[in-house]
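Asker: Sharing a structure with you now.
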Amino acid sequence: MRQQASFPLLVAVTMTGTLALHIFVPALADAAADLGTTPSVAQLTITLFLVGLAGGQLVYGPLSDRYGRRPVLIAGLGLYLAGLLLAVPAPNIGVLVAARVLQALGACSTLVIGRAMVRDVSESTDAARRMALLTMAMTLTPALAPALGGLVDTWLGWRAVFGVLAALVAVLGALVVVTLPETNRHPVALPGPSAMAAAYLRLLRMPVFRAYLVAGACAGTSLYAFLAVAPFLLVERLGRSSGEVGLDCLIVVFGMVAGAVAANRLAGRVPIRSLARTGNLVCLAGAGTLLAIDQAGLLGVISLIGPLIVYALGVGLVGPNAVAGLMNVDPRAAGAASSLYGFTQMAFGALFTVAVGLWHQGSATPVAATLLGAATVAGIALRRA
């Protein structure tokens with residue numbers, strides 16, 4: 001139990017944090033039909049999962065700072081597994097929704113503690129490189145999980161989706177118990193909720209932390225604005241098939257992977273702040289180009305996806321460097337920093353999707369303007385980093 005924490009295992013554990021969200025989407029309609037409920041009620045299995053994912057992250061970080069990463073992560077994985085097993089035999093939508101909330105409350109532990117453990121075992125300059133690798137791996141989850149969920153649903157039914165995921169979480173949990181050592185060598189006293197709030201306030205009072213927090217949250221989830229309206233833009237406006245929509249989204253996501261690869265290669269050679277600012281300029285260029293193309297009436301599949309790939313490339317540069325930057329502010333509070341970042345990221349992502357949903361005018365302008373706004377806010381924030 002004294003060996004070095006396995007980075008590949010930490011990556012795998014962290015990737016499972018949003019896997020339950022994305023893998024169930026293709027099976028949602030089948031589940032609704034099987035349980036005799038309406039699509040709007042079934043949608044609560046997604047909405048409340050996001051709520052649990054955001055809120056739960058505020059708790060796990062401070063707890064892991066106080067009691068250690070390992071026991072809190074094991075408890076979270078146990079909760080995650082319990083929610084998955086409850087979903088498999090769910091007799092009605094009420095039980096399924098409750099199971100999804102339980103899944104979210106357990107799954108968010110992997111997001112928070114995975115990032116914190118990576119920071120624990122990394123030097124300051126190495127943290128950005130490892131965060132880039134972690135970000136690169138995590139961007140594959142929303143790209144590949146729906147395809148996996150669709151295959152399982154087609155072959156074995158929607159309940160098997162949770163069964164397959166439960167098996168994966170069980171295996172990872174066993175590996176954590178057997179092989180993963182404690183990485184928090186300096187636990188801090190945290191007696192209650194008031195102390196948790198105090199820990200967050202202390203971090204938020206630091207200008208550098210706020211700068212990286214806002215920049216990372218803007219970059220990390222702003223592309224949700226595109227994903228929320230991709231079917232409308234690509235199918236109804238540009239005549240793509242539903243299968244081609246998935247491919248187009250995958251191409252955009254791989255732009256983010258490319259940015260994370262670049263961030264990894266440049267980590268340690270270029271300062272974190274410089275890389276984050278460079279990535280933000282790339283985001284501004286991509287969003288500005290898309291807005292200009294749409295306003296000029298030149299929107300097509302290539303002219304839509306091209307600027308989005310550029311934007312995603314910038315996101316891949318900003319994201320891991322912003323996370324490394326905010327978690328370097330106070331390494332002893334890495335758990336609280338990770339929690340606050342995760343919560344802020346999800347909250348910003350919800351705002352971005354609401355923005356494009358309310359501002360619906362049958363063009364790419366709402367997406368482009370939302371992305372441009374996010375990049376502008378991130379750029380202003382990074383001036384304080």
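Just so we're on the same page: first chain in the structure tokens is A, next is B, and so on; residues restart at 1 for each chain, and ligands are numbered from 1 in the order they show up.
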Once you count only C-alpha atoms, what closest atom pair and distance in Å to one decimal does each residue of segment 128-242 of chain A within 9 Å of segment 11-32 of chain A have, with rows by chain and rising residue number, as JSON lines?
Answerer:
```
{"residue": "A:Leu133", "atom": "CA", "partner": "A:Val11", "partner_atom": "CA", "distance": 8.4}
{"residue": "A:Leu134", "atom": "CA", "partner": "A:Val11", "partner_atom": "CA", "distance": 5.9}
{"residue": "A:Ala137", "atom": "CA", "partner": "A:Met15", "partner_atom": "CA", "distance": 7.0}
{"residue": "A:Met138", "atom": "CA", "partner": "A:Met15", "partner_atom": "CA", "distance": 5.2}
{"residue": "A:Thr139", "atom": "CA", "partner": "A:Met15", "partner_atom": "CA", "distance": 8.6}
{"residue": "A:Leu140", "atom": "CA", "partner": "A:Met15", "partner_atom": "CA", "distance": 8.5}
{"residue": "A:Thr141", "atom": "CA", "partner": "A:Leu19", "partner_atom": "CA", "distance": 6.2}
{"residue": "A:Pro142", "atom": "CA", "partner": "A:His22", "partner_atom": "CA", "distance": 5.8}
{"residue": "A:Ala143", "atom": "CA", "partner": "A:His22", "partner_atom": "CA", "distance": 8.6}
{"residue": "A:Leu144", "atom": "CA", "partner": "A:Ile23", "partner_atom": "CA", "distance": 8.4}
{"residue": "A:Ala145", "atom": "CA", "partner": "A:Ile23", "partner_atom": "CA", "distance": 4.7}
{"residue": "A:Pro146", "atom": "CA", "partner": "A:Ile23", "partner_atom": "CA", "distance": 4.7}
{"residue": "A:Ala147", "atom": "CA", "partner": "A:Ile23", "partner_atom": "CA", "distance": 7.6}
{"residue": "A:Leu148", "atom": "CA", "partner": "A:Ile23", "partner_atom": "CA", "distance": 6.6}
{"residue": "A:Gly149", "atom": "CA", "partner": "A:Ile23", "partner_atom": "CA", "distance": 4.6}
{"residue": "A:Gly150", "atom": "CA", "partner": "A:Pro26", "partner_atom": "CA", "distance": 5.2}
{"residue": "A:Leu151", "atom": "CA", "partner": "A:Pro26", "partner_atom": "CA", "distance": 8.9}
{"residue": "A:Val152", "atom": "CA", "partner": "A:Ala27", "partner_atom": "CA", "distance": 8.8}
{"residue": "A:Asp153", "atom": "CA", "partner": "A:Ala27", "partner_atom": "CA", "distance": 5.9}
{"residue": "A:Thr154", "atom": "CA", "partner": "A:Ala27", "partner_atom": "CA", "distance": 8.5}
{"residue": "A:Gly157", "atom": "CA", "partner": "A:Ala27", "partner_atom": "CA", "distance": 8.0}
{"residue": "A:Trp158", "atom": "CA", "partner": "A:Ala27", "partner_atom": "CA", "distance": 5.4}
{"residue": "A:Arg159", "atom": "CA", "partner": "A:Ala31", "partner_atom": "CA", "distance": 7.9}
{"residue": "A:Val161", "atom": "CA", "partner": "A:Phe24", "partner_atom": "CA", "distance": 6.9}
{"residue": "A:Phe162", "atom": "CA", "partner": "A:Phe24", "partner_atom": "CA", "distance": 8.0}
{"residue": "A:Leu165", "atom": "CA", "partner": "A:Ala20", "partner_atom": "CA", "distance": 7.4}
{"residue": "A:Leu168", "atom": "CA", "partner": "A:Thr16", "partner_atom": "CA", "distance": 8.8}
{"residue": "A:Val169", "atom": "CA", "partner": "A:Thr16", "partner_atom": "CA", "distance": 7.6}
{"residue": "A:Leu172", "atom": "CA", "partner": "A:Val13", "partner_atom": "CA", "distance": 6.7}
{"residue": "A:Gly173", "atom": "CA", "partner": "A:Val13", "partner_atom": "CA", "distance": 8.4}
{"residue": "A:Val176", "atom": "CA", "partner": "A:Val13", "partner_atom": "CA", "distance": 8.7}
```
Asker: I'd like the contact shell of Gly78 of chain A - 8 Å cut-off, only C-alpha atoms, skipping same-chain residues fewer than 4 positions apart - returned as a PDB file with N, CA and C atoms, in the first residue's frame.
Answerer:
```pdb
ATOM      1  N   ILE A  74     -13.181   5.386  -2.175  1.00  0.00           N
ATOM      2  CA  ILE A  74     -13.782   4.052  -2.047  1.00  0.00           C
ATOM      3  C   ILE A  74     -15.263   4.169  -1.684  1.00  0.00           C
ATOM      4  N   ALA A  82     -23.802   1.083  -6.036  1.00  0.00           N
ATOM      5  CA  ALA A  82     -25.142   0.828  -5.493  1.00  0.00           C
ATOM      6  C   ALA A  82     -26.214   1.440  -6.397  1.00  0.00           C
ATOM      7  N   GLY A 106     -22.364   9.383  -6.279  1.00  0.00           N
ATOM      8  CA  GLY A 106     -21.164   8.561  -6.162  1.00  0.00           C
ATOM      9  C   GLY A 106     -20.149   8.876  -7.248  1.00  0.00           C
ATOM     10  N   GLY A 173     -13.172  -0.373  -8.675  1.00  0.00           N
ATOM     11  CA  GLY A 173     -13.210  -0.254  -7.223  1.00  0.00           C
ATOM     12  C   GLY A 173     -12.303  -1.262  -6.552  1.00  0.00           C
TER      13      GLY A 173
END
```
Asker: So that I can see what lies close to segment 302-311 of chain A, please list as a compact mmCIF listing (two decimals) with N, CA and C atoms, in the first residue's frame the residues with an atom at most 7 Å from it, counting only C-alpha atoms and leaving out residues fewer than 4 positions away in the same chain.
Answerer:
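Heads up, here's the output in result-v1.txt:
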```txt
# COMPACT_ATOMS: atom_id res chain seq x y z
N VAL A 252 -15.19 17.12 -33.66
CA VAL A 252 -14.98 18.32 -32.85
C VAL A 252 -14.30 17.96 -31.53
N GLY A 255 -10.70 17.55 -31.70
CA GLY A 255 -9.96 18.80 -31.70
C GLY A 255 -9.49 19.15 -30.31
N VAL A 282 -6.77 31.16 -29.31
CA VAL A 282 -7.24 30.21 -30.33
C VAL A 282 -8.76 30.08 -30.25
N CYS A 283 -9.31 30.02 -29.02
CA CYS A 283 -10.76 29.95 -28.84
C CYS A 283 -11.44 31.18 -29.44
N GLY A 286 -11.50 30.90 -33.25
CA GLY A 286 -12.49 29.94 -33.74
C GLY A 286 -13.91 30.45 -33.63
N ALA A 287 -14.27 31.00 -32.46
CA ALA A 287 -15.63 31.49 -32.26
C ALA A 287 -15.91 32.71 -33.14
N THR A 289 -14.53 33.44 -36.01
CA THR A 289 -14.65 32.99 -37.40
C THR A 289 -16.02 32.39 -37.68
N LEU A 290 -16.50 31.57 -36.76
CA LEU A 290 -17.81 30.95 -36.93
C LEU A 290 -18.91 32.01 -36.98
N VAL A 315 -9.62 25.02 -26.42
CA VAL A 315 -10.13 24.48 -25.15
C VAL A 315 -9.16 23.45 -24.58
```
Asker: Which one is closest to Val253 of chain A: A:Ala104, A:Thr110, A:Ser338, A:Leu313? Count only C-alpha atoms.
Answerer: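 The answer is A:Leu313, which sits nearest to Val253 of chain A.
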Asker: Considering only C-alpha atoms, can you say which of A:Pro62, A:Gly314, A:Gly335, A:Gly379 comes closest to Val214 of chain A?
Answerer: A:Gly379
Asker: Give the helix (DSSP H, G or I) residues of segment 292-383 of chain A, as assigned by DSSP on the backbone, as a PyMOL selection string.
Answerer: chain A and resi 292-295+301-328+331-358+365-382
Asker: How many Å separate atom CA of Arg129 of chain A from atom CA of Gly342 of chain A?
Answerer: 19.2 Å
Asker: What's the 9 Å shell around Ala350 of chain A, counting only C-alpha atoms, without same-chain residues fewer than 6 positions away, as an MDAnalysis selection string?
Answerer: chainID A and resid 50 221 224:225
Asker: Please, could you write that set of residues out with N, CA and C atoms as a short mmCIF file (atom, residue, chain, number, x, y, z; two decimals), in the first residue's frame?
Answerer:
```cif
data_model
loop_
_atom_site.label_atom_id
_atom_site.label_comp_id
_atom_site.auth_asym_id
_atom_site.auth_seq_id
_atom_site.Cartn_x
_atom_site.Cartn_y
_atom_site.Cartn_z
N LEU A 50 -27.22 15.52 -13.61
CA LEU A 50 -26.36 16.70 -13.69
C LEU A 50 -26.39 17.50 -12.39
N THR A 221 -16.63 23.67 -20.47
CA THR A 221 -18.00 23.25 -20.79
C THR A 221 -18.68 24.13 -21.84
N TYR A 224 -20.58 22.57 -24.70
CA TYR A 224 -21.92 22.03 -24.46
C TYR A 224 -22.96 22.83 -25.26
N ALA A 225 -22.66 24.10 -25.49
CA ALA A 225 -23.58 24.95 -26.26
C ALA A 225 -23.77 24.39 -27.67
#
```
Asker: Calculated over only C-alpha atoms, which of the candidates A:Ala385, A:Leu213, A:Leu234, A:Ala160 has the smallest distance to Gly300 of chain A?
Answerer: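 Closest candidate: A:Leu234.
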Asker: Just the number, please: distance in Å from atom CA of Val88 of chain A to atom CA of Arg100 of chain A, one decimal.
Answerer: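 Straight-line distance from atom CA of Val88 of chain A to atom CA of Arg100 of chain A works out to 10.9 Å.
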